[in-house]
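Asks: Once you've had a glance at the structure underneath, I'll fire off some questions.
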Amino acid sequence: MNIKKIETNKRRELYFSESNINPSKLTEKVEFKTIMVYPEKTYQKFLGFGGAITQSSTLSFLKLPEEARIHFVKDYFSNDGLNYSWVRLPIGSCDFSNKTYSYSSKKNLSDFSIAEDKDKVLPLLNKVLEENKDVSIISSPWSPPKFMKSNKMLILGGKLLPKYYQLYAEYLCKYIQEYEKQGIKISYITIQNETRATQLWESCVFTPEEEIDFIKSALYPAFEKNGIDTKILIYDHNKERLYSRTKKEISELGGSSLISGIAYHYYTGDHFEQLKMCSEDFPDKLFIHTEGCTGYSSFKVQDDLTNAEIYAHDIIGDLNNGSNAYIDWNILLDNKGGPNHKLNFCDSPIMLNLLGTNYEKKLCYYYIGHFSKYIKPNAVRIAISKYTDSFEVTAFKNLDESIVVVLFNKNDYNKEYNLVIGDSELIHDNLDRHAIVTYLITK
């Protein structure tokens, strides 16, 4: 058995620091301070990690010199980088655009155009697809065109008027078709980003009844009519109501045969139990974390460690409770956490320097990488048992039978442990306070 240890430890200035570990044989005397890993007991399949490409990400990307652009894409989407295999795209504008816009303002959609995306989204997306052609793309609208809404605005919530259900379905079909013309496959679509939120930026509210009614009466038939096989996800909002919303839309409103999964965010707290209940009750559906960020509306450089640990905690909690994919928010922002037309700045795993001549990897980039670099697409989660809640731990088995174990020490003190793999192999180790480690175990 070969064991590689990868550690990130800000205090010791270690970032993906690698070393080889020699395991010892497990004996009956080893009873205390154990973390047990059971590769034979498996749970959900995991489809991969990713991030969002917004106008803000692309505009920041285009400021970089050509050589830096090449390295940036590889740092996220290559096997040597974060090994990202997912991208999320806004449909139309969002807060991380340089202005509000829709693809059409006419009731016959005769002016439909993705020109804004061609200039400010596709330059980065196309480079990503050149690096990894197998990336899965999930797209989400922040608002229907304003003429279709009850408040006649892209911002401040409002509702999609039922009389425009059919037209909006055609609008979304045109979006998918226009991207196909660019050689880009949209694999998944959510009905609405943050279905329950009324925001100062682009937003629209859908009740469970409205969301399923729109899918049943308009979107699903429009997909069939146009030969579109893009999969439909619902909700796309925070976890605290994930179970009740999922149960209502799938079981009570009859959406099960029409939707492939449920998208969710993390902004209202852990609520990992919600995800566990959903994955247990609806094992045939995908549960995808589609957005999360740190420094939300209060971006501070000094919060580097805190923000990185928020990612580690949320990723482990989601993975251990049934998540099938984990997608971050913006993959790149400028040094202020923008640009953002609502001044709603936030952190990002990679940010430009002050002059925009190069980029800086934040600590959260490395923390995310402790999962995404080693837990490969189509890995399965495996069982763990740990002696204390002071550690946060997850474990996966890749298709090549390699085992990945990630440990995160959130404490102000070091932690000693015996990591037991199966029935025979033992790793005795100690993890520094506020550090994260990944063990990659191969035969």
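Chain labels run A, B, ... following the order of the structure tokens; each chain numbers its residues from 1, and ligands are numbered from 1 in the order shown.
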Would you pick out the contacts of Leu161 of chain A at 10 Å or less, using only C-alpha atoms, so that residues sharing its chain but fewer than 4 positions from it are not included, and give the list as a VMD selection string?

Replies: chain A and resid 144 147 to 151 165 168 210

Asks: Would you mind listing, for every residue of segment 246-318 of chain A within 9 Å of segment 418-437 of chain A, the two atoms forming the shortest contact and the distance between them in Å to one decimal, using only C-alpha atoms, sorted by chain and ascending residue number, as a tab-separated table?

Replies:
```
residue	atom	partner	partner_atom	distance
A:Leu305	CA	A:His434	CA	8.3
A:Glu309	CA	A:His434	CA	8.0
A:Ala312	CA	A:Ile436	CA	8.4
```

Asks: Rank nothing, just name the residue among A:Leu156, A:Ile186, A:Leu122, A:Ile3 nearest to Leu172 of chain A, using only C-alpha atoms.

Replies: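 Among the listed residues, A:Ile186 lies closest to Leu172 of chain A.
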
Asks: Taking only segment 42-208 of chain A into account, list the residues labelled alpha helix (DSSP H) by DSSP (computed from the backbone), as a ChimeraX atom specification.

Replies: /A:55-61,66-77,115-120,122-131,165-181,208

Asks: If you keep C-alpha atoms, can you produce a file of those selected residues as a compact mmCIF listing (two decimals), in the first residue's frame?

Replies:
```txt
# COMPACT_ATOMS: atom_id res chain seq x y z
CA GLN A 55 -19.15 38.39 -16.57
CA SER A 56 -17.07 39.50 -13.57
CA SER A 57 -14.88 36.42 -13.88
CA THR A 58 -14.40 36.88 -17.62
CA LEU A 59 -13.76 40.63 -17.45
CA SER A 60 -11.12 39.98 -14.80
CA PHE A 61 -9.67 37.15 -16.91
CA GLU A 66 -1.91 35.84 -22.36
CA GLU A 67 0.57 33.65 -20.48
CA ALA A 68 -1.20 34.27 -17.17
CA ARG A 69 -4.55 33.36 -18.78
CA ILE A 70 -3.17 29.98 -19.82
CA HIS A 71 -1.85 29.25 -16.33
CA PHE A 72 -5.09 30.42 -14.73
CA VAL A 73 -7.26 27.99 -16.69
CA LYS A 74 -4.87 25.13 -15.93
CA ASP A 75 -4.86 26.03 -12.23
CA TYR A 76 -8.57 25.24 -12.12
CA PHE A 77 -9.39 22.74 -14.86
CA ALA A 115 -24.09 38.97 -27.85
CA GLU A 116 -23.36 40.04 -24.26
CA ASP A 117 -22.27 36.50 -23.44
CA LYS A 118 -20.15 36.23 -26.57
CA ASP A 119 -18.14 39.24 -25.44
CA LYS A 120 -18.08 38.71 -21.68
CA LEU A 122 -17.48 32.87 -23.84
CA PRO A 123 -13.86 34.12 -23.97
CA LEU A 124 -13.20 32.39 -20.65
CA LEU A 125 -15.61 29.47 -21.12
CA ASN A 126 -14.08 28.53 -24.46
CA LYS A 127 -10.60 28.44 -22.91
CA VAL A 128 -11.93 26.19 -20.17
CA LEU A 129 -13.45 23.81 -22.73
CA GLU A 130 -10.16 23.73 -24.64
CA GLU A 131 -8.50 22.53 -21.43
CA TYR A 165 -44.93 30.74 -19.23
CA GLN A 166 -44.87 29.45 -22.81
CA LEU A 167 -42.84 32.38 -24.08
CA TYR A 168 -40.31 32.11 -21.27
CA ALA A 169 -39.94 28.39 -21.98
CA GLU A 170 -39.13 29.27 -25.60
CA TYR A 171 -36.70 31.92 -24.33
CA LEU A 172 -34.80 29.28 -22.33
CA CYS A 173 -34.86 26.91 -25.33
CA LYS A 174 -33.34 29.65 -27.50
CA TYR A 175 -30.59 30.15 -24.92
CA ILE A 176 -29.67 26.47 -25.04
CA GLN A 177 -29.85 26.43 -28.84
CA GLU A 178 -27.70 29.53 -29.24
CA TYR A 179 -25.04 27.99 -27.02
CA GLU A 180 -25.23 24.80 -29.07
CA LYS A 181 -24.47 26.93 -32.15
CA PRO A 208 -43.20 25.28 -5.30
```

Asks: Please list as a list in words every residue within 8 Å of Ile138 of chain A, counting only C-alpha atoms and excluding residues in the same chain fewer than 3 positions away.

Replies: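 Everything that qualifies: Trp86, Val87, Arg88, Leu89, Ile186, Ser187, Tyr188, Ile189 and Thr190 of chain A.
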
Asks: Can you tell me which residues surround Ser257 of chain A at a distance of at most 12 Å, considering only C-alpha atoms, apart from same-chain residues fewer than 2 positions away, and format the answer as a list in words?

Replies: Ile212, Ile215, Lys216, Tyr220, Lys231, Ile232, Leu233, Glu249, Ile250, Ser251, Leu253, Gly254, Gly255, Ile259, Ser260, Gly261, Asp284 and Lys285 of chain A

Asks: Those same residues, written as an mmCIF file, in the first residue's frame with N, CA and C atoms?

Replies:
```cif
data_model
loop_
_atom_site.group_PDB
_atom_site.id
_atom_site.type_symbol
_atom_site.label_atom_id
_atom_site.label_comp_id
_atom_site.auth_asym_id
_atom_site.auth_seq_id
_atom_site.Cartn_x
_atom_site.Cartn_y
_atom_site.Cartn_z
ATOM 1 N N ILE A 212 -43.268 24.017 -10.358
ATOM 2 C CA ILE A 212 -43.688 22.769 -10.999
ATOM 3 C C ILE A 212 -44.699 23.036 -12.113
ATOM 4 N N ILE A 215 -42.764 24.059 -15.131
ATOM 5 C CA ILE A 215 -42.085 22.916 -15.740
ATOM 6 C C ILE A 215 -43.082 22.030 -16.486
ATOM 7 N N LYS A 216 -44.193 21.695 -15.822
ATOM 8 C CA LYS A 216 -45.182 20.787 -16.414
ATOM 9 C C LYS A 216 -45.854 21.369 -17.649
ATOM 10 N N TYR A 220 -40.935 21.668 -19.843
ATOM 11 C CA TYR A 220 -40.708 20.277 -20.252
ATOM 12 C C TYR A 220 -41.292 20.004 -21.646
ATOM 13 N N LYS A 231 -31.111 18.550 -18.699
ATOM 14 C CA LYS A 231 -31.808 18.077 -17.504
ATOM 15 C C LYS A 231 -32.243 19.254 -16.627
ATOM 16 N N ILE A 232 -33.380 19.102 -15.978
ATOM 17 C CA ILE A 232 -33.983 20.186 -15.200
ATOM 18 C C ILE A 232 -33.757 19.950 -13.703
ATOM 19 N N LEU A 233 -33.281 21.005 -13.028
ATOM 20 C CA LEU A 233 -33.118 21.005 -11.572
ATOM 21 C C LEU A 233 -34.033 22.066 -10.966
ATOM 22 N N GLU A 249 -42.383 19.365 -4.128
ATOM 23 C CA GLU A 249 -42.338 19.427 -5.587
ATOM 24 C C GLU A 249 -42.272 18.044 -6.230
ATOM 25 N N ILE A 250 -41.585 17.112 -5.579
ATOM 26 C CA ILE A 250 -41.454 15.778 -6.158
ATOM 27 C C ILE A 250 -42.670 14.908 -5.837
ATOM 28 N N SER A 251 -43.037 14.839 -4.554
ATOM 29 C CA SER A 251 -44.078 13.894 -4.126
ATOM 30 C C SER A 251 -45.486 14.455 -4.262
ATOM 31 N N LEU A 253 -46.558 17.468 -5.717
ATOM 32 C CA LEU A 253 -46.926 18.184 -6.943
ATOM 33 C C LEU A 253 -46.618 17.390 -8.203
ATOM 34 N N GLY A 254 -46.074 16.192 -8.036
ATOM 35 C CA GLY A 254 -45.903 15.282 -9.172
ATOM 36 C C GLY A 254 -44.790 15.649 -10.128
ATOM 37 N N GLY A 255 -43.693 16.233 -9.596
ATOM 38 C CA GLY A 255 -42.604 16.634 -10.478
ATOM 39 C C GLY A 255 -41.534 15.591 -10.685
ATOM 40 N N ILE A 259 -38.039 16.102 -13.399
ATOM 41 C CA ILE A 259 -36.802 16.738 -12.937
ATOM 42 C C ILE A 259 -35.743 15.700 -12.601
ATOM 43 N N SER A 260 -34.481 16.095 -12.765
ATOM 44 C CA SER A 260 -33.365 15.191 -12.501
ATOM 45 C C SER A 260 -32.738 15.414 -11.135
ATOM 46 N N GLY A 261 -32.990 16.584 -10.546
ATOM 47 C CA GLY A 261 -32.364 16.826 -9.258
ATOM 48 C C GLY A 261 -32.739 18.161 -8.658
ATOM 49 N N ASP A 284 -32.868 8.641 -6.200
ATOM 50 C CA ASP A 284 -32.749 8.676 -7.654
ATOM 51 C C ASP A 284 -32.525 10.090 -8.185
ATOM 52 N N LYS A 285 -32.481 11.087 -7.297
ATOM 53 C CA LYS A 285 -32.280 12.477 -7.716
ATOM 54 C C LYS A 285 -30.870 12.958 -7.370
#
```

Asks: Point out the residue among A:Ile114, A:Cys94, A:Leu440, A:Ile191 with the least atom-to-atom distance to Glu18 of chain A, counting only C-alpha atoms.

Replies: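 Under the stated criterion, the closest residue is A:Leu440.
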
Asks: Any idea what the distance is between atom CA of Ala308 of chain A and atom CA of Met277 of chain A?

Replies: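 Taking atom CA of Ala308 of chain A as the start and atom CA of Met277 of chain A as the end point, the length is 26.9 Å.
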
Asks: Would you mind telling me which residue in A:Ser385, A:Gln44, A:Ser17, A:Ser323 lies nearest to Lys397 of chain A when using only C-alpha atoms?

Replies: A:Gln44

Asks: Would you return as a ChimeraX atom specification the members of segment 261-422 of chain A that DSSP assigns to strand (DSSP E or B) on this structure's backbone?

Replies: /A:261-265,286-291,325-330,333,350-352,359-361,379-386,391-397,403-409,415-421

Asks: Output N, CA and C atoms of each residue in that selection to a file, as a short mmCIF file (atom, residue, chain, number, x, y, z; two decimals), in the first residue's frame.

Replies:
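Okay, this is what ended up in part-v7.cif:
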```cif
data_model
loop_
_atom_site.label_atom_id
_atom_site.label_comp_id
_atom_site.auth_asym_id
_atom_site.auth_seq_id
_atom_site.Cartn_x
_atom_site.Cartn_y
_atom_site.Cartn_z
N GLY A 261 -32.99 16.58 -10.55
CA GLY A 261 -32.36 16.83 -9.26
C GLY A 261 -32.74 18.16 -8.66
N ILE A 262 -32.07 18.45 -7.56
CA ILE A 262 -32.34 19.64 -6.77
C ILE A 262 -31.03 20.38 -6.56
N ALA A 263 -31.05 21.68 -6.83
CA ALA A 263 -29.89 22.53 -6.61
C ALA A 263 -30.08 23.29 -5.30
N TYR A 264 -28.98 23.59 -4.62
CA TYR A 264 -29.10 24.28 -3.35
C TYR A 264 -27.86 25.14 -3.08
N HIS A 265 -28.01 26.11 -2.13
CA HIS A 265 -26.93 27.00 -1.68
C HIS A 265 -26.72 26.83 -0.18
N LEU A 286 -30.37 13.87 -8.18
CA LEU A 286 -29.09 14.51 -7.90
C LEU A 286 -29.30 15.67 -6.94
N PHE A 287 -28.35 15.86 -6.02
CA PHE A 287 -28.37 17.01 -5.13
C PHE A 287 -27.04 17.75 -5.33
N ILE A 288 -27.16 18.95 -5.90
CA ILE A 288 -25.97 19.67 -6.36
C ILE A 288 -25.88 21.02 -5.66
N HIS A 289 -24.77 21.23 -4.96
CA HIS A 289 -24.47 22.55 -4.40
C HIS A 289 -24.05 23.44 -5.56
N THR A 290 -24.89 24.44 -5.89
CA THR A 290 -24.63 25.26 -7.08
C THR A 290 -24.03 26.62 -6.78
N GLU A 291 -24.01 27.02 -5.51
CA GLU A 291 -23.41 28.33 -5.21
C GLU A 291 -23.10 28.46 -3.73
N ALA A 325 -22.49 16.81 -6.27
CA ALA A 325 -21.54 17.72 -6.93
C ALA A 325 -21.47 18.99 -6.10
N TYR A 326 -20.33 19.67 -6.19
CA TYR A 326 -20.13 20.89 -5.39
C TYR A 326 -19.54 21.97 -6.28
N ILE A 327 -20.33 23.02 -6.51
CA ILE A 327 -19.93 24.11 -7.41
C ILE A 327 -19.79 25.40 -6.61
N ASP A 328 -18.63 26.01 -6.70
CA ASP A 328 -18.34 27.29 -6.04
C ASP A 328 -18.94 28.43 -6.86
N TRP A 329 -18.87 29.64 -6.33
CA TRP A 329 -19.33 30.83 -7.05
C TRP A 329 -18.19 31.30 -7.95
N ASN A 330 -17.94 32.58 -8.13
CA ASN A 330 -17.00 33.09 -9.12
C ASN A 330 -15.62 32.44 -9.03
N LEU A 333 -12.14 37.00 -9.52
CA LEU A 333 -12.63 38.37 -9.32
C LEU A 333 -11.44 39.30 -9.27
N ILE A 350 -9.41 32.63 -6.44
CA ILE A 350 -8.32 33.32 -7.14
C ILE A 350 -8.79 34.74 -7.42
N MET A 351 -7.88 35.72 -7.17
CA MET A 351 -8.21 37.12 -7.39
C MET A 351 -7.05 37.82 -8.08
N LEU A 352 -7.37 38.85 -8.84
CA LEU A 352 -6.33 39.63 -9.51
C LEU A 352 -5.53 40.42 -8.50
N TYR A 359 -2.40 37.12 -10.96
CA TYR A 359 -3.43 36.71 -10.02
C TYR A 359 -2.81 36.05 -8.80
N GLU A 360 -3.60 35.99 -7.74
CA GLU A 360 -3.16 35.42 -6.48
C GLU A 360 -4.11 34.29 -6.07
N LYS A 361 -3.55 33.17 -5.69
CA LYS A 361 -4.34 32.07 -5.14
C LYS A 361 -4.57 32.32 -3.66
N ALA A 379 -16.31 9.13 -8.27
CA ALA A 379 -15.91 8.46 -7.03
C ALA A 379 -17.14 8.18 -6.19
N VAL A 380 -17.03 7.24 -5.26
CA VAL A 380 -18.12 6.96 -4.33
C VAL A 380 -17.64 7.24 -2.91
N ARG A 381 -18.54 7.78 -2.12
CA ARG A 381 -18.21 8.02 -0.71
C ARG A 381 -18.16 6.69 0.02
N ILE A 382 -17.21 6.57 0.95
CA ILE A 382 -17.08 5.35 1.75
C ILE A 382 -17.23 5.69 3.23
N ALA A 383 -17.48 4.66 4.02
CA ALA A 383 -17.84 4.85 5.43
C ALA A 383 -16.64 5.23 6.28
N ILE A 384 -16.88 6.07 7.28
CA ILE A 384 -15.87 6.44 8.27
C ILE A 384 -16.50 6.40 9.66
N SER A 385 -15.66 6.24 10.65
CA SER A 385 -16.06 6.35 12.04
C SER A 385 -14.90 7.03 12.78
N LYS A 386 -15.19 8.09 13.55
CA LYS A 386 -14.11 8.85 14.19
C LYS A 386 -14.33 8.98 15.69
N PHE A 391 -12.44 16.58 14.92
CA PHE A 391 -12.03 16.45 13.52
C PHE A 391 -13.24 16.51 12.60
N GLU A 392 -13.04 17.02 11.40
CA GLU A 392 -14.02 16.85 10.34
C GLU A 392 -13.35 15.99 9.26
N VAL A 393 -14.02 14.91 8.87
CA VAL A 393 -13.39 13.90 8.01
C VAL A 393 -14.37 13.44 6.94
N THR A 394 -13.86 13.19 5.75
CA THR A 394 -14.63 12.50 4.72
C THR A 394 -13.70 11.56 3.96
N ALA A 395 -14.28 10.56 3.31
CA ALA A 395 -13.46 9.59 2.58
C ALA A 395 -14.20 9.11 1.33
N PHE A 396 -13.43 8.88 0.26
CA PHE A 396 -13.99 8.45 -1.02
C PHE A 396 -13.10 7.39 -1.66
N LYS A 397 -13.72 6.60 -2.55
CA LYS A 397 -12.99 5.63 -3.36
C LYS A 397 -13.16 5.99 -4.82
N ILE A 403 -7.99 5.34 -2.56
CA ILE A 403 -8.77 5.84 -1.44
C ILE A 403 -8.30 7.26 -1.10
N VAL A 404 -9.25 8.16 -0.89
CA VAL A 404 -8.95 9.54 -0.52
C VAL A 404 -9.59 9.82 0.84
N VAL A 405 -8.78 10.25 1.79
CA VAL A 405 -9.28 10.64 3.11
C VAL A 405 -8.84 12.06 3.38
N VAL A 406 -9.79 12.94 3.70
CA VAL A 406 -9.50 14.35 3.99
C VAL A 406 -9.84 14.62 5.45
N LEU A 407 -8.87 15.17 6.19
CA LEU A 407 -9.06 15.55 7.59
C LEU A 407 -8.84 17.05 7.74
N PHE A 408 -9.71 17.68 8.50
CA PHE A 408 -9.63 19.12 8.73
C PHE A 408 -9.66 19.37 10.24
N ASN A 409 -8.63 20.02 10.75
CA ASN A 409 -8.55 20.33 12.19
C ASN A 409 -8.95 21.79 12.39
N LYS A 415 -3.99 17.78 16.95
CA LYS A 415 -4.75 16.56 17.22
C LYS A 415 -3.96 15.34 16.74
N GLU A 416 -3.85 14.37 17.63
CA GLU A 416 -3.20 13.10 17.32
C GLU A 416 -4.28 12.08 16.94
N TYR A 417 -3.94 11.14 16.05
CA TYR A 417 -4.92 10.15 15.63
C TYR A 417 -4.24 8.94 15.02
N ASN A 418 -5.00 7.85 15.00
CA ASN A 418 -4.63 6.63 14.28
C ASN A 418 -5.65 6.45 13.16
N LEU A 419 -5.20 6.57 11.94
CA LEU A 419 -6.07 6.39 10.77
C LEU A 419 -5.99 4.93 10.34
N VAL A 420 -7.11 4.23 10.45
CA VAL A 420 -7.16 2.80 10.16
C VAL A 420 -7.90 2.57 8.85
N ILE A 421 -7.22 1.95 7.89
CA ILE A 421 -7.80 1.68 6.58
C ILE A 421 -8.18 0.21 6.51
#
```

Asks: Report, in Å to a single decimal, how far apart atom CA of Phe206 of chain A and atom CA of Gly158 of chain A are.

Replies: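 Atom-to-atom, atom CA of Gly158 of chain A to atom CA of Phe206 of chain A, that is 9.0 Å.
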
Asks: Work out how far apart atom CA of Gly51 of chain A and atom CA of Asn98 of chain A are and give it in Å to one decimal.

Replies: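 One can read the atom CA of Gly51 of chain A to atom CA of Asn98 of chain A distance as 19.1 Å.
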